[in-house]
Amino acid sequence: MRINKFLAEKGIASRRHADEIVSAGRVQINGKIATLGENVEEGDVVLLDGQAITNSEKKEEYYIMNKPKGVVCTASDDRGRKTVMDLLPDNVGRVFPVGRLDYATEGLLILTNDGDLAFRLTHPSTEIPKTYMAKIEGTLTEKDLNPIRSGIELDGELTKKCKAHIVETNKSYTKVEITIKEGKNRQVRRMFEAIGKNVELLRRVSIGQLRLKGLDRGEFRPLTEQEILYLKGL
Ligand code: URA
């Protein structure tokens with residue numbers, strides 16, 4: 001089994017984050033620094049930061065959080081900013097965020113140590129709809145949203161068709177509900193920037209049918225069995 005899958009199955013990190021950990025030289029297999037894509041065989045001794053990764057059964061944990069703005073979605077931040085991990089109490093095991101919301105964005109975030117679920121939920125091929133409420137500076141018409149609906153060029157490729165509609169508009173701002181099925185870096189903000197509009201506030205309100213209701217900013221709760229089964233079926 002590949003080292004990134006092994007680390008994900010042990011609940012150490014998502015597969016993508018596992019690659020970063022391996023590239024940083026923090027993992028050893030049988031006393032040698034592991035390389036990206038290396039295989040782990042039955043009986044191999046794997047160390048992370050010098051500590052053995054045991055074969056004990058890990059307990060999977062799943063949480064939903066209302067991420068506030070001004071918090072980063074990484075395990076640690078080199079600029080010393082507050083992370084979503086800082087919002088979790090000590091009795092929560094080693095979980096990591098599934099996908100990222102940028103520093104200024106708030107809303108629904110899933111945290112888990114289930115690397116396989118995290119991998120599937122964030123893989124572009126699964127096309128899971130993610131809905132955001134965007135507060136845009138100034139007035140917008142439904143027609144202004146057409147380029148966003150049909151595709152905006154970002155990173156040299158067109159964004160997939162998406163749904164967007166105006167919820168409220170006045171002279172100073174417009175609220176737009178937008179549902180995208182991919183997750184490029186700062187995608188929603190950049191799509192509006194491309195039509196000359198500035199996103200003042202951005203909140204993720206749902207992932208598939210899972211909605212952010214009843215959680216205040218910074219609050220979190222464990223997902224129910226039903227919600228976990230739903231996400232695994234997406
Ligand atoms: N789009 C953004 O611009 N930011 C996010 O955090 C998520 C989607």
# chains A, B, ... in the order shown; residues from 1 in each chain; ligands from 1
>>> residues_near_ligand(ligand="ligand 1", cutoff="10 Å", atoms="only C-alpha atoms and all ligand atoms", output="VMD selection string")
chain A and resid 69 72 to 73 99 to 107 109 130 to 132 134 178 to 180 182 to 193 199 201 to 204
>>> write_last_selection(atoms="C-alpha atoms", output="PDB file, in the first residue's frame")
ATOM      1  CA  LYS A  69     -13.585  34.009   9.423  1.00  0.00           C
ATOM      2  CA  VAL A  72      -6.953  29.044   8.806  1.00  0.00           C
ATOM      3  CA  CYS A  73      -7.875  25.508   7.723  1.00  0.00           C
ATOM      4  CA  GLY A  99     -11.025  20.587   1.938  1.00  0.00           C
ATOM      5  CA  ARG A 100     -10.352  24.191   2.767  1.00  0.00           C
ATOM      6  CA  LEU A 101     -12.242  27.373   3.369  1.00  0.00           C
ATOM      7  CA  ASP A 102     -10.023  30.402   2.939  1.00  0.00           C
ATOM      8  CA  TYR A 103      -9.020  32.626   5.870  1.00  0.00           C
ATOM      9  CA  ALA A 104     -11.804  35.175   5.295  1.00  0.00           C
ATOM     10  CA  THR A 105     -14.531  32.605   4.523  1.00  0.00           C
ATOM     11  CA  GLU A 106     -16.845  31.143   7.143  1.00  0.00           C
ATOM     12  CA  GLY A 107     -19.301  28.274   7.267  1.00  0.00           C
ATOM     13  CA  LEU A 109     -16.456  22.552   7.459  1.00  0.00           C
ATOM     14  CA  LYS A 130     -21.224  22.918  -2.318  1.00  0.00           C
ATOM     15  CA  THR A 131     -23.480  25.914  -1.737  1.00  0.00           C
ATOM     16  CA  TYR A 132     -22.260  29.329  -0.627  1.00  0.00           C
ATOM     17  CA  ALA A 134     -21.908  35.435  -1.122  1.00  0.00           C
ATOM     18  CA  ILE A 178     -24.065  29.933  -5.650  1.00  0.00           C
ATOM     19  CA  THR A 179     -23.593  26.157  -5.923  1.00  0.00           C
ATOM     20  CA  ILE A 180     -20.352  24.798  -7.383  1.00  0.00           C
ATOM     21  CA  GLU A 182     -15.498  21.746  -7.686  1.00  0.00           C
ATOM     22  CA  GLY A 183     -13.102  23.368  -5.265  1.00  0.00           C
ATOM     23  CA  LYS A 184     -10.373  25.416  -6.856  1.00  0.00           C
ATOM     24  CA  ASN A 185      -8.458  27.724  -4.554  1.00  0.00           C
ATOM     25  CA  ARG A 186     -10.657  30.754  -3.607  1.00  0.00           C
ATOM     26  CA  GLN A 187     -12.959  29.733  -6.450  1.00  0.00           C
ATOM     27  CA  VAL A 188     -16.083  31.729  -5.598  1.00  0.00           C
ATOM     28  CA  ARG A 189     -14.168  34.922  -4.843  1.00  0.00           C
ATOM     29  CA  ARG A 190     -12.154  34.598  -8.057  1.00  0.00           C
ATOM     30  CA  MET A 191     -15.276  33.923 -10.168  1.00  0.00           C
ATOM     31  CA  PHE A 192     -16.813  37.187  -8.958  1.00  0.00           C
ATOM     32  CA  GLU A 193     -13.491  39.035  -9.361  1.00  0.00           C
ATOM     33  CA  VAL A 199     -17.086  39.407  -2.446  1.00  0.00           C
ATOM     34  CA  LEU A 201     -18.595  38.065   2.882  1.00  0.00           C
ATOM     35  CA  LEU A 202     -18.630  34.394   1.961  1.00  0.00           C
ATOM     36  CA  ARG A 203     -20.274  31.575   3.889  1.00  0.00           C
ATOM     37  CA  ARG A 204     -20.548  27.897   2.932  1.00  0.00           C
TER      38      ARG A 204
END
>>> residues_around(residues="Glu225 of chain A", least_positions_apart="2", cutoff="12 Å", atoms="only C-alpha atoms", output="number ranges by chain")
A: 60-63, 222-223, 227-232
>>> select_by_dssp(residues="segment 162-226 of chain A", states="helix (DSSP H, G or I)", output="VMD selection string")
chain A and resid 187 to 194 225 to 226
>>> closest_residue(among="A:Gly196, A:Gly31, A:Pro68, A:Pro147", to="Asp216 of chain A", atoms="only C-alpha atoms")
A:Pro68
>>> atom_distance(atom1="atom CA of Leu210 of chain A", atom2="atom CA of Lys10 of chain A")
25.7 Å
>>> atom_distance(atom1="atom CA of Gly50 of chain A", atom2="atom CA of Gly25 of chain A")
10.8 Å
>>> closest_residue(among="A:Lys181, A:Arg81, A:Lys175, A:Arg149", to="Ser125 of chain A", atoms="only C-alpha atoms")
A:Lys181
>>> select_by_dssp(residues="segment 93-156 of chain A", states="strand (DSSP E or B)", output="PDB file with N, CA, C and O atoms, in the first residue's frame")
ATOM      1  N   PHE A  96      -8.626  16.273  10.873  1.00  0.00           N
ATOM      2  CA  PHE A  96      -8.147  17.326   9.976  1.00  0.00           C
ATOM      3  C   PHE A  96      -9.307  17.808   9.115  1.00  0.00           C
ATOM      4  O   PHE A  96     -10.272  17.076   8.907  1.00  0.00           O
ATOM      5  N   PRO A  97      -9.229  19.052   8.617  1.00  0.00           N
ATOM      6  CA  PRO A  97     -10.340  19.574   7.824  1.00  0.00           C
ATOM      7  C   PRO A  97     -10.423  18.915   6.455  1.00  0.00           C
ATOM      8  O   PRO A  97      -9.395  18.632   5.837  1.00  0.00           O
ATOM      9  N   GLU A 106     -16.300  31.863   5.988  1.00  0.00           N
ATOM     10  CA  GLU A 106     -16.845  31.143   7.143  1.00  0.00           C
ATOM     11  C   GLU A 106     -17.786  30.045   6.661  1.00  0.00           C
ATOM     12  O   GLU A 106     -18.056  29.918   5.475  1.00  0.00           O
ATOM     13  N   GLY A 107     -18.250  29.233   7.608  1.00  0.00           N
ATOM     14  CA  GLY A 107     -19.301  28.274   7.267  1.00  0.00           C
ATOM     15  C   GLY A 107     -18.916  26.821   7.444  1.00  0.00           C
ATOM     16  O   GLY A 107     -17.979  26.479   8.174  1.00  0.00           O
ATOM     17  N   LEU A 108     -19.665  25.986   6.732  1.00  0.00           N
ATOM     18  CA  LEU A 108     -19.638  24.536   6.963  1.00  0.00           C
ATOM     19  C   LEU A 108     -18.289  23.892   6.633  1.00  0.00           C
ATOM     20  O   LEU A 108     -17.827  23.939   5.490  1.00  0.00           O
ATOM     21  N   LEU A 109     -17.717  23.266   7.639  1.00  0.00           N
ATOM     22  CA  LEU A 109     -16.456  22.552   7.459  1.00  0.00           C
ATOM     23  C   LEU A 109     -16.600  21.189   8.128  1.00  0.00           C
ATOM     24  O   LEU A 109     -17.106  21.094   9.244  1.00  0.00           O
ATOM     25  N   ILE A 110     -16.169  20.140   7.415  1.00  0.00           N
ATOM     26  CA  ILE A 110     -16.173  18.805   8.019  1.00  0.00           C
ATOM     27  C   ILE A 110     -14.751  18.527   8.504  1.00  0.00           C
ATOM     28  O   ILE A 110     -13.778  18.847   7.811  1.00  0.00           O
ATOM     29  N   LEU A 111     -14.636  17.928   9.687  1.00  0.00           N
ATOM     30  CA  LEU A 111     -13.329  17.521  10.204  1.00  0.00           C
ATOM     31  C   LEU A 111     -13.415  16.044  10.532  1.00  0.00           C
ATOM     32  O   LEU A 111     -14.403  15.578  11.118  1.00  0.00           O
ATOM     33  N   THR A 112     -12.409  15.286  10.142  1.00  0.00           N
ATOM     34  CA  THR A 112     -12.422  13.845  10.399  1.00  0.00           C
ATOM     35  C   THR A 112     -11.000  13.300  10.416  1.00  0.00           C
ATOM     36  O   THR A 112     -10.067  13.994  10.001  1.00  0.00           O
ATOM     37  N   LYS A 130     -21.489  22.136  -3.531  1.00  0.00           N
ATOM     38  CA  LYS A 130     -21.224  22.918  -2.318  1.00  0.00           C
ATOM     39  C   LYS A 130     -21.869  24.284  -2.517  1.00  0.00           C
ATOM     40  O   LYS A 130     -21.610  24.950  -3.523  1.00  0.00           O
ATOM     41  N   THR A 131     -22.728  24.661  -1.572  1.00  0.00           N
ATOM     42  CA  THR A 131     -23.480  25.914  -1.737  1.00  0.00           C
ATOM     43  C   THR A 131     -22.949  26.994  -0.803  1.00  0.00           C
ATOM     44  O   THR A 131     -22.694  26.732   0.384  1.00  0.00           O
ATOM     45  N   TYR A 132     -22.800  28.173  -1.362  1.00  0.00           N
ATOM     46  CA  TYR A 132     -22.260  29.329  -0.627  1.00  0.00           C
ATOM     47  C   TYR A 132     -23.238  30.497  -0.710  1.00  0.00           C
ATOM     48  O   TYR A 132     -23.919  30.664  -1.727  1.00  0.00           O
ATOM     49  N   MET A 133     -23.267  31.301   0.341  1.00  0.00           N
ATOM     50  CA  MET A 133     -23.968  32.577   0.300  1.00  0.00           C
ATOM     51  C   MET A 133     -22.876  33.645   0.196  1.00  0.00           C
ATOM     52  O   MET A 133     -21.986  33.700   1.058  1.00  0.00           O
ATOM     53  N   ALA A 134     -22.943  34.412  -0.891  1.00  0.00           N
ATOM     54  CA  ALA A 134     -21.908  35.435  -1.122  1.00  0.00           C
ATOM     55  C   ALA A 134     -22.548  36.809  -1.059  1.00  0.00           C
ATOM     56  O   ALA A 134     -23.562  37.058  -1.726  1.00  0.00           O
ATOM     57  N   LYS A 135     -21.984  37.680  -0.246  1.00  0.00           N
ATOM     58  CA  LYS A 135     -22.460  39.067  -0.196  1.00  0.00           C
ATOM     59  C   LYS A 135     -21.502  39.893  -1.057  1.00  0.00           C
ATOM     60  O   LYS A 135     -20.299  39.972  -0.769  1.00  0.00           O
ATOM     61  N   ILE A 136     -22.063  40.434  -2.133  1.00  0.00           N
ATOM     62  CA  ILE A 136     -21.242  41.119  -3.128  1.00  0.00           C
ATOM     63  C   ILE A 136     -21.421  42.624  -2.973  1.00  0.00           C
ATOM     64  O   ILE A 136     -22.546  43.097  -2.744  1.00  0.00           O
ATOM     65  N   GLU A 137     -20.326  43.350  -3.121  1.00  0.00           N
ATOM     66  CA  GLU A 137     -20.393  44.806  -3.028  1.00  0.00           C
ATOM     67  C   GLU A 137     -21.181  45.369  -4.213  1.00  0.00           C
ATOM     68  O   GLU A 137     -20.928  44.966  -5.361  1.00  0.00           O
ATOM     69  N   GLU A 153     -12.839  31.471 -16.830  1.00  0.00           N
ATOM     70  CA  GLU A 153     -11.508  30.867 -16.948  1.00  0.00           C
ATOM     71  C   GLU A 153     -10.682  31.147 -15.683  1.00  0.00           C
ATOM     72  O   GLU A 153     -10.444  32.286 -15.319  1.00  0.00           O
ATOM     73  N   LEU A 154     -10.314  30.063 -15.015  1.00  0.00           N
ATOM     74  CA  LEU A 154      -9.445  30.165 -13.826  1.00  0.00           C
ATOM     75  C   LEU A 154      -8.330  29.136 -13.989  1.00  0.00           C
ATOM     76  O   LEU A 154      -8.613  27.995 -14.375  1.00  0.00           O
TER      77      LEU A 154
END
>>> residues_around(residues="Leu7 of chain A", least_positions_apart="5", cutoff="9 Å", atoms="only C-alpha atoms", output="VMD selection string")
chain A and resid 2 12 to 15 18 53 115
>>> write_last_selection(atoms="all heavy atoms", output="compact mmCIF listing (two decimals), in the first residue's frame")
# COMPACT_ATOMS: atom_id res chain seq x y z
N ARG A 2 0.47 2.25 -0.80
CA ARG A 2 1.27 3.49 -0.87
C ARG A 2 1.31 4.20 0.50
O ARG A 2 0.33 4.15 1.24
CB ARG A 2 0.64 4.46 -1.85
CG ARG A 2 0.59 3.88 -3.22
CD ARG A 2 1.30 4.76 -4.16
NE ARG A 2 1.48 3.98 -5.37
CZ ARG A 2 2.10 4.42 -6.43
NH1 ARG A 2 2.62 5.61 -6.42
NH2 ARG A 2 2.21 3.67 -7.48
N ILE A 12 -3.81 9.79 10.14
CA ILE A 12 -2.78 10.80 10.40
C ILE A 12 -3.09 12.09 9.62
O ILE A 12 -2.91 13.18 10.13
CB ILE A 12 -1.38 10.29 9.95
CG1 ILE A 12 -1.07 8.93 10.57
CG2 ILE A 12 -0.29 11.30 10.22
CD1 ILE A 12 -0.77 8.93 12.02
N ALA A 13 -3.56 11.93 8.39
CA ALA A 13 -3.80 13.10 7.54
C ALA A 13 -4.60 12.69 6.32
O ALA A 13 -4.72 11.50 6.04
CB ALA A 13 -2.47 13.69 7.08
N SER A 14 -5.12 13.68 5.59
CA SER A 14 -5.74 13.36 4.29
C SER A 14 -4.61 12.89 3.37
O SER A 14 -3.43 13.14 3.66
CB SER A 14 -6.39 14.60 3.70
OG SER A 14 -5.39 15.56 3.42
N ARG A 15 -4.95 12.25 2.25
CA ARG A 15 -3.86 11.77 1.38
C ARG A 15 -2.98 12.91 0.89
O ARG A 15 -1.77 12.77 0.80
CB ARG A 15 -4.44 11.00 0.19
CG ARG A 15 -4.70 9.57 0.57
CD ARG A 15 -4.86 8.74 -0.64
NE ARG A 15 -5.99 7.87 -0.46
CZ ARG A 15 -6.44 7.04 -1.37
NH1 ARG A 15 -5.87 6.97 -2.55
NH2 ARG A 15 -7.45 6.28 -1.12
N ALA A 18 -0.85 14.01 3.59
CA ALA A 18 0.14 12.95 3.84
C ALA A 18 1.32 13.12 2.88
O ALA A 18 2.48 12.95 3.28
CB ALA A 18 -0.51 11.58 3.67
N ILE A 53 4.07 4.42 14.19
CA ILE A 53 2.63 4.46 13.91
C ILE A 53 2.13 3.04 14.18
O ILE A 53 2.53 2.10 13.51
CB ILE A 53 2.36 4.89 12.46
CG1 ILE A 53 2.88 6.30 12.25
CG2 ILE A 53 0.88 4.79 12.13
CD1 ILE A 53 2.87 6.75 10.82
N GLY A 115 -9.38 9.27 6.38
CA GLY A 115 -8.67 9.75 5.19
C GLY A 115 -9.36 9.38 3.89
O GLY A 115 -9.35 10.16 2.94
>>> residues_around(residues="Asp44 of chain A", least_positions_apart="3", cutoff="9 Å", atoms="only C-alpha atoms", output="PDB file with C-alpha atoms, in the first residue's frame")
ATOM      1  CA  ILE A  29      10.024   3.242   6.674  1.00  0.00           C
ATOM      2  CA  ASN A  30      12.323   0.668   8.278  1.00  0.00           C
ATOM      3  CA  VAL A  40       4.505   0.023   2.847  1.00  0.00           C
ATOM      4  CA  GLU A  41       4.494  -3.763   3.189  1.00  0.00           C
TER       5      GLU A  41
END
>>> closest_residue(among="A:Ala118, A:Val92, A:Ile3, A:Ala24", to="Val46 of chain A", atoms="only C-alpha atoms")
A:Ile3
>>> closest_residue(among="A:Lys32, A:Lys67, A:His17, A:Lys59", to="Glu219 of chain A", atoms="only C-alpha atoms")
A:Lys67
>>> closest_residue(among="A:Val98, A:Ser76, A:Thr83, A:Ala34", to="Ile207 of chain A", atoms="only C-alpha atoms")
A:Val98
